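Enquirer: Have a look at this one before I ask anything.
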Number of protein chains: 2
Amino acid sequence: MTLVPEPATRTPKAEQTRQTIVDAAMRLFREGGYDRTTMRAIADEAGVSLGNAYYYFSSKEHLVQAYYLRVQEEHAAAAEAVLDGDATFAGRLRGVLTSWVDVAEPYHEFAGKFFKNAAEPTSPLSPFSTESTAAREDAIGLYRRVVDGSDVKVAKVLREELPELLWLLQMGVVLFWVYDGSPGQRRTRLLVDKAVPLVDRLVRMTRLPVVKGVVDDLLDLLRTLRG
Amino acid sequence: MTLVPEPATRTPKAEQTRQTIVDAAMRLFREGGYDRTTMRAIADEAGVSLGNAYYYFSSKEHLVQAYYLRVQEEHAAAAEAVLDGDATFAGRLRGVLTSWVDVAEPYHEFAGKFFKNAAEPTSPLSPFSTESTAAREDAIGLYRRVVDGSDVKVAKVLREELPELLWLLQMGVVLFWVYDGSPGQRRTRLLVDKAVPLVDRLVRMTRLPVVKGVVDDLLDLLRTLRG
DNA sequence: ACGAACTCTTGAACACGTTCAAAATCTCGT
DNA sequence: ACGAGATTTTGAACGTGTTCAAGAGTTCGT
C-alpha cells in the first residue's frame with residue numbers, strides 16, 4: 001500500500017487535483033452509492049485517468065477517509081453551537097451526540113465501508129491506532145468541554161477521566177449507528193435520547209458513598225483498557 | 001444474494017459436497033488467511049468447479065460462517081466444564097469469558113482478517129445479521145445458564161434481560177481481543193479479570209432501591225438497542 | 001421404459017479494484 | 001537554455017469475486 005505524499009510536500013497543483021478527485025467521488029457516491037460507483041467513473045468524472053486517481057489515493061477506501069475527516073470537522077463546528085447555548089450536562093452531551101448523528105447522516109451509506117477498513121486491527125484508520133491519536137484527542141477534548149462547561153457534579157477521582165469515558169460512549173453510538181438501517185437513523189437518535197439521561201443519572205450518582213467501590217473498579221478497568 | 005437451500009431439503013450427497021467444500025476452505029484459510037485464499041483455490045482443493053462452489057455457497061463470506069460455528073461449538077463445550085464446577089455468578093461469568101479467550105487463541109492471528117469482513121454491516125458474518133440469528137441465540141443461551149445456575153441476586157425486572165446484556169459484554173471483550181496484540185492476549189484476560197468483579201458488583205446493586213431508576217432506564221435502553 | 005421436471009455441474013465471461021512500466025511534464029542547478 | 005532527475009499521467013493488463021447459460025445427471029409419475 002503506497003502512501004500518499006504528506007500535505008506539506010504537495011504542490012498547489014497536486015492539492016487541487018486531489019480535491020477534484022475527492023469532489024467527483026463524493027458526488028458519485030451520493031448519487032449512486034459506494035458499491036455502484038466505480039473507480040473508472042470517478043476518474044472520468046474528475047477528468048483524470050484511472051491510474052492517476054490511484055496516484056493520489058492508493059485505494060478506493062482511502063477516498064472514504066476524506067469523507068471521514070470532513071465529518072469530523074463539520075461535527076466540531078456543529079458542536080460549537082451546542083456548547084455555546086447550553087449549560088446543563090445532559091443538554092450539552094445530548095446536543096453533541098445528536099449533532100454528530102445530524103452531521104454524519106449524509107455519509108451513512110459509506111460509513112460501513114469505512115468501518116470495515118477501520119476494523120482491521122493493523123489499519124491506521126482505526127480510532128485506536130497511533131495514527132489517529134491527534135483526531136482522537138481532539139474528540140476527547142470536545143467531551144472535556146462538555147464536562148467543564150457544565151453544571152455537573154461528579155466524584156473527584158472520576159472528573160479527570162470522564163471525557164474519555166464519554167468518548168467511548170460516542171464510539172458505542174457510532175458502532176450502533178453504523179449498523180442502524182432505520183430511515184434517518186431514527187433508532188440511533190432514540191438511543192441517544194435514552195442513553196443521555198441514564199449517563200447523566202449515573203454520573204451524578206458517582207458521588208454517593210454506596211457506589212464508591214464501583215467507581216474505583218471502573219477507573220481501574222479504564223486503565224486496563226488503555227493498556 | 002441467493003439463498004442456500006435449507007438443510008431439510010438437502011440430499012445426503014449434497015450435504016457431503018457442502019462439507020467437502022467447507023473443509024477445503026478451512027484448510028486453506030488456516031494456511032494462507034482469508035484474503036489470500038481464492039474461491040478458485042477452494043474449488044480446486046475440494047475437487048469441484050468454481051461455479052459449483054457458488055451453487056452451495058452464495059458468497060465467499062458465507063463459507064466463513066462454518067468457521068464461526070466451530071469456534072462457538074468449542075466454546076460451548078469448554079464452558080460446560082466451568083458451568084458444572086462453579087456456582088458463584090462471578091466465577092461462572094469469568095470462567096465462560098476466559099474459556100472463550102482460551103478457545104479463540106489459536107485463531108487470533110488471522111481473526112483480524114475475518115473480523116474486517118464481519119464488521120461490514122451488510123455482511124452475513126456480522127453478529128447482528130439475520131444469518132447469525134441462530135448462533136447469536138445459542139450464545140445468549142449460554143449466558144442464561146451462567147445466570148440461572150448461579151447464586152446471583154438480581155432485580156426481578158432485570159433477570160430476564162441479563163443474559164443478553166452479558167452477551168453484549170462478550171461482544172465488547174471480543175472487540176478488545178481482536179485489537180489485543182499482547183502475547184497470549186494477556187491484556188484481554190486482564191480485562192476480563194477486572195470487568196467481572198465490576199459486573200458482579202453492579203448486578204447485585206440492582207436490588208438497591210436507590211438504583212431502581214437506573215435499572216429502569218437501562219432496560220428501556222436495551223429495548224431501544226434491540227429495535 | 002419414457003419423458004418431464006428438477007437438481008447439480010461446468011467453465012467461460014464479466015466487472016471492477018488494483019498494479020506497473022513507460023511516457024509526458026515539470027523543476028532546478030548550472 | 002540545457003539536461004538530469006523528480007513528479008505526474010497514462011491505459012493496458014492482471015487477479016479475483018461473482019454470474020450465467022447451457023449441459024449432464026437424477027427423480028418420479030405414468
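For the C-alpha cells, the naming scheme is as follows: chains receive sequential letters (A, B, ...) according to their order of presentation, residues are indexed from 1 within each chain, and ligands are indexed from 1 in presentation order.
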Working over all C-alpha atoms in order, superimpose chain B onto chain A by least squares and state the RMSD in Å.
Expert: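 After least-squares fitting, the two copies differ by 2.0 Å C-alpha RMSD.
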Enquirer: Could the residues of chain B within 7 Å of chain C, counting only C-alpha atoms (C1' of nucleotides), be given as a ChimeraX atom specification, please?
Expert: /B:49,51-52
Enquirer: Write the residues of the selection above to a file with N, CA and C atoms, as a PDB file, in the first residue's frame.
Expert:
ATOM      1  N   SER B  49     -15.937 -27.664  -9.407  1.00  0.00           N
ATOM      2  CA  SER B  49     -15.705 -26.497 -10.253  1.00  0.00           C
ATOM      3  C   SER B  49     -16.030 -25.226  -9.487  1.00  0.00           C
ATOM      4  N   GLY B  51     -17.935 -22.723 -10.351  1.00  0.00           N
ATOM      5  CA  GLY B  51     -19.370 -22.455 -10.343  1.00  0.00           C
ATOM      6  C   GLY B  51     -20.100 -23.327  -9.344  1.00  0.00           C
ATOM      7  N   ASN B  52     -19.634 -24.555  -9.187  1.00  0.00           N
ATOM      8  CA  ASN B  52     -20.286 -25.471  -8.258  1.00  0.00           C
ATOM      9  C   ASN B  52     -20.142 -24.999  -6.804  1.00  0.00           C
TER      10      ASN B  52
END
Enquirer: Show me, as a tab-separated table, the residues of chain B having an atom within 12 Å of chain D, each with the closest atom pair and its distance in Å, using only C-alpha atoms (C1' of nucleotides).
Expert:
residue	atom	partner	partner_atom	distance
B:Met1	CA	D:DT18	C1'	10.6
B:Thr2	CA	D:DT19	C1'	11.4
B:Thr11	CA	D:DT26	C1'	11.6
B:Lys13	CA	D:DT26	C1'	11.8
B:Asp35	CA	D:DT16	C1'	10.1
B:Arg36	CA	D:DT16	C1'	10.0
B:Thr37	CA	D:DT16	C1'	10.0
B:Thr38	CA	D:DT16	C1'	7.0
B:Met39	CA	D:DG17	C1'	7.7
B:Arg40	CA	D:DT16	C1'	8.7
B:Ala41	CA	D:DT16	C1'	10.9
B:Leu50	CA	D:DT18	C1'	10.1
B:Gly51	CA	D:DT19	C1'	9.0
B:Ala53	CA	D:DT18	C1'	11.2
B:Tyr54	CA	D:DT18	C1'	8.4
B:Tyr55	CA	D:DT19	C1'	11.1
B:Phe57	CA	D:DT18	C1'	11.4
B:Ser58	CA	D:DT18	C1'	9.0
B:Ser59	CA	D:DT18	C1'	8.0
B:Lys60	CA	D:DG17	C1'	7.8
B:Glu61	CA	D:DG17	C1'	10.5
Enquirer: Write the residues of the preceding selection, restricted to N, CA, C and O atoms, as a PDB file, in the first residue's frame.
Expert:
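Produced file out11.pdb, reproduced below:
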ATOM      1  N   MET B   1     -28.633 -11.533  -3.352  1.00  0.00           N
ATOM      2  CA  MET B   1     -27.913 -12.638  -2.698  1.00  0.00           C
ATOM      3  C   MET B   1     -28.807 -13.877  -2.652  1.00  0.00           C
ATOM      4  O   MET B   1     -29.796 -13.925  -1.940  1.00  0.00           O
ATOM      5  N   THR B   2     -28.473 -14.888  -3.431  1.00  0.00           N
ATOM      6  CA  THR B   2     -29.290 -16.097  -3.471  1.00  0.00           C
ATOM      7  C   THR B   2     -29.118 -16.904  -2.190  1.00  0.00           C
ATOM      8  O   THR B   2     -28.029 -17.021  -1.651  1.00  0.00           O
ATOM      9  N   THR B  11     -30.068 -33.215  -0.049  1.00  0.00           N
ATOM     10  CA  THR B  11     -29.842 -34.668  -0.105  1.00  0.00           C
ATOM     11  C   THR B  11     -28.538 -34.973   0.622  1.00  0.00           C
ATOM     12  O   THR B  11     -27.701 -34.082   0.808  1.00  0.00           O
ATOM     13  N   LYS B  13     -26.013 -36.598  -0.435  1.00  0.00           N
ATOM     14  CA  LYS B  13     -24.932 -36.314  -1.376  1.00  0.00           C
ATOM     15  C   LYS B  13     -24.562 -34.827  -1.358  1.00  0.00           C
ATOM     16  O   LYS B  13     -23.391 -34.469  -1.249  1.00  0.00           O
ATOM     17  N   ASP B  35      -7.973 -13.451   2.900  1.00  0.00           N
ATOM     18  CA  ASP B  35      -7.838 -12.664   1.681  1.00  0.00           C
ATOM     19  C   ASP B  35      -7.036 -13.383   0.606  1.00  0.00           C
ATOM     20  O   ASP B  35      -7.364 -13.299  -0.576  1.00  0.00           O
ATOM     21  N   ARG B  36      -6.003 -14.071   1.040  1.00  0.00           N
ATOM     22  CA  ARG B  36      -5.117 -14.689   0.048  1.00  0.00           C
ATOM     23  C   ARG B  36      -5.637 -16.055  -0.425  1.00  0.00           C
ATOM     24  O   ARG B  36      -5.000 -16.696  -1.269  1.00  0.00           O
ATOM     25  N   THR B  37      -6.729 -16.501   0.122  1.00  0.00           N
ATOM     26  CA  THR B  37      -7.333 -17.745  -0.343  1.00  0.00           C
ATOM     27  C   THR B  37      -8.429 -17.431  -1.352  1.00  0.00           C
ATOM     28  O   THR B  37      -9.393 -16.746  -1.027  1.00  0.00           O
ATOM     29  N   THR B  38      -8.254 -17.911  -2.585  1.00  0.00           N
ATOM     30  CA  THR B  38      -9.225 -17.580  -3.624  1.00  0.00           C
ATOM     31  C   THR B  38     -10.297 -18.658  -3.724  1.00  0.00           C
ATOM     32  O   THR B  38     -10.081 -19.809  -3.348  1.00  0.00           O
ATOM     33  N   MET B  39     -11.431 -18.273  -4.237  1.00  0.00           N
ATOM     34  CA  MET B  39     -12.520 -19.223  -4.450  1.00  0.00           C
ATOM     35  C   MET B  39     -12.071 -20.315  -5.419  1.00  0.00           C
ATOM     36  O   MET B  39     -12.484 -21.464  -5.301  1.00  0.00           O
ATOM     37  N   ARG B  40     -11.226 -19.953  -6.360  1.00  0.00           N
ATOM     38  CA  ARG B  40     -10.727 -20.943  -7.310  1.00  0.00           C
ATOM     39  C   ARG B  40      -9.893 -22.010  -6.595  1.00  0.00           C
ATOM     40  O   ARG B  40     -10.017 -23.209  -6.868  1.00  0.00           O
ATOM     41  N   ALA B  41      -9.063 -21.543  -5.678  1.00  0.00           N
ATOM     42  CA  ALA B  41      -8.231 -22.491  -4.927  1.00  0.00           C
ATOM     43  C   ALA B  41      -9.099 -23.400  -4.061  1.00  0.00           C
ATOM     44  O   ALA B  41      -8.848 -24.606  -3.958  1.00  0.00           O
ATOM     45  N   LEU B  50     -15.503 -24.125 -10.010  1.00  0.00           N
ATOM     46  CA  LEU B  50     -15.742 -22.824  -9.373  1.00  0.00           C
ATOM     47  C   LEU B  50     -17.232 -22.541  -9.252  1.00  0.00           C
ATOM     48  O   LEU B  50     -17.729 -22.183  -8.180  1.00  0.00           O
ATOM     49  N   GLY B  51     -17.935 -22.723 -10.351  1.00  0.00           N
ATOM     50  CA  GLY B  51     -19.370 -22.455 -10.343  1.00  0.00           C
ATOM     51  C   GLY B  51     -20.100 -23.327  -9.344  1.00  0.00           C
ATOM     52  O   GLY B  51     -21.051 -22.885  -8.696  1.00  0.00           O
ATOM     53  N   ALA B  53     -18.976 -24.451  -6.492  1.00  0.00           N
ATOM     54  CA  ALA B  53     -18.790 -23.911  -5.144  1.00  0.00           C
ATOM     55  C   ALA B  53     -19.828 -22.824  -4.881  1.00  0.00           C
ATOM     56  O   ALA B  53     -20.390 -22.740  -3.785  1.00  0.00           O
ATOM     57  N   TYR B  54     -20.105 -22.044  -5.903  1.00  0.00           N
ATOM     58  CA  TYR B  54     -21.096 -20.976  -5.751  1.00  0.00           C
ATOM     59  C   TYR B  54     -22.526 -21.517  -5.734  1.00  0.00           C
ATOM     60  O   TYR B  54     -23.446 -20.830  -5.302  1.00  0.00           O
ATOM     61  N   TYR B  55     -22.690 -22.725  -6.225  1.00  0.00           N
ATOM     62  CA  TYR B  55     -24.011 -23.337  -6.126  1.00  0.00           C
ATOM     63  C   TYR B  55     -24.329 -23.634  -4.654  1.00  0.00           C
ATOM     64  O   TYR B  55     -25.459 -23.476  -4.202  1.00  0.00           O
ATOM     65  N   PHE B  57     -22.489 -22.239  -1.892  1.00  0.00           N
ATOM     66  CA  PHE B  57     -22.274 -21.074  -1.019  1.00  0.00           C
ATOM     67  C   PHE B  57     -22.365 -19.820  -1.862  1.00  0.00           C
ATOM     68  O   PHE B  57     -21.532 -19.629  -2.740  1.00  0.00           O
ATOM     69  N   SER B  58     -23.352 -19.012  -1.565  1.00  0.00           N
ATOM     70  CA  SER B  58     -23.626 -17.913  -2.484  1.00  0.00           C
ATOM     71  C   SER B  58     -22.564 -16.825  -2.436  1.00  0.00           C
ATOM     72  O   SER B  58     -22.594 -15.919  -3.260  1.00  0.00           O
ATOM     73  N   SER B  59     -21.655 -16.875  -1.473  1.00  0.00           N
ATOM     74  CA  SER B  59     -20.525 -15.950  -1.495  1.00  0.00           C
ATOM     75  C   SER B  59     -19.379 -16.520  -0.669  1.00  0.00           C
ATOM     76  O   SER B  59     -19.562 -17.467   0.110  1.00  0.00           O
ATOM     77  N   LYS B  60     -18.240 -15.912  -0.847  1.00  0.00           N
ATOM     78  CA  LYS B  60     -17.063 -16.355  -0.107  1.00  0.00           C
ATOM     79  C   LYS B  60     -17.300 -16.195   1.399  1.00  0.00           C
ATOM     80  O   LYS B  60     -16.872 -17.024   2.205  1.00  0.00           O
ATOM     81  N   GLU B  61     -17.992 -15.147   1.746  1.00  0.00           N
ATOM     82  CA  GLU B  61     -18.213 -14.885   3.168  1.00  0.00           C
ATOM     83  C   GLU B  61     -19.128 -15.922   3.813  1.00  0.00           C
ATOM     84  O   GLU B  61     -19.007 -16.215   4.996  1.00  0.00           O
TER      85      GLU B  61
END
Enquirer: Can you work out which one of B:Val214, B:Met171, B:Leu219, B:Ala135 has the shortest atom-to-atom distance to chain A, counting only C-alpha atoms?
Expert: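 Looking at the shortest contact to chain A, the residue is B:Val214.
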Enquirer: Given a cut-off of 8 Å, which residues of chain A touch chain B, counting only C-alpha atoms, written out as a ChimeraX atom specification?
Expert: /A:112-113,115-117,119-121,178-179,187,190-191,194-195,198,201-202,214,217-218,220-221,224-225,227
Enquirer: When you draw a straight line from CA of Val154 in chain B to CA of Thr206 in chain B, how long is it in Å?
Expert: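 Computing it gives 6.2 Å between the two atoms.
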Enquirer: Tell me, in Å to one decimal, how far CA of Glu74 in chain B is from CA of Thr20 in chain B.
Expert: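 Interatomic distance here is 20.4 Å.
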Enquirer: State, in Å with one decimal place, the distance from CA of Ser150 in chain A to CA of Arg70 in chain A.
Expert: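 Between CA of Ser150 in chain A and CA of Arg70 in chain A the gap works out to 27.5 Å.
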Enquirer: Can you check which residues of range 113-175 of chain B DSSP gives as alpha helix (DSSP H) on the backbone and send them as a PyMOL selection string?
Expert: chain B and resi 113-118+133-148+156-159+162-175
Enquirer: Residues near Pro106 in chain B, anyone? I mean within 12 Å using only C-alpha atoms (C1' of nucleotides), not counting same-chain ones fewer than 2 positions away, as a PyMOL selection string.
Expert: chain B and resi 30+71+100-104+108-111+183-185
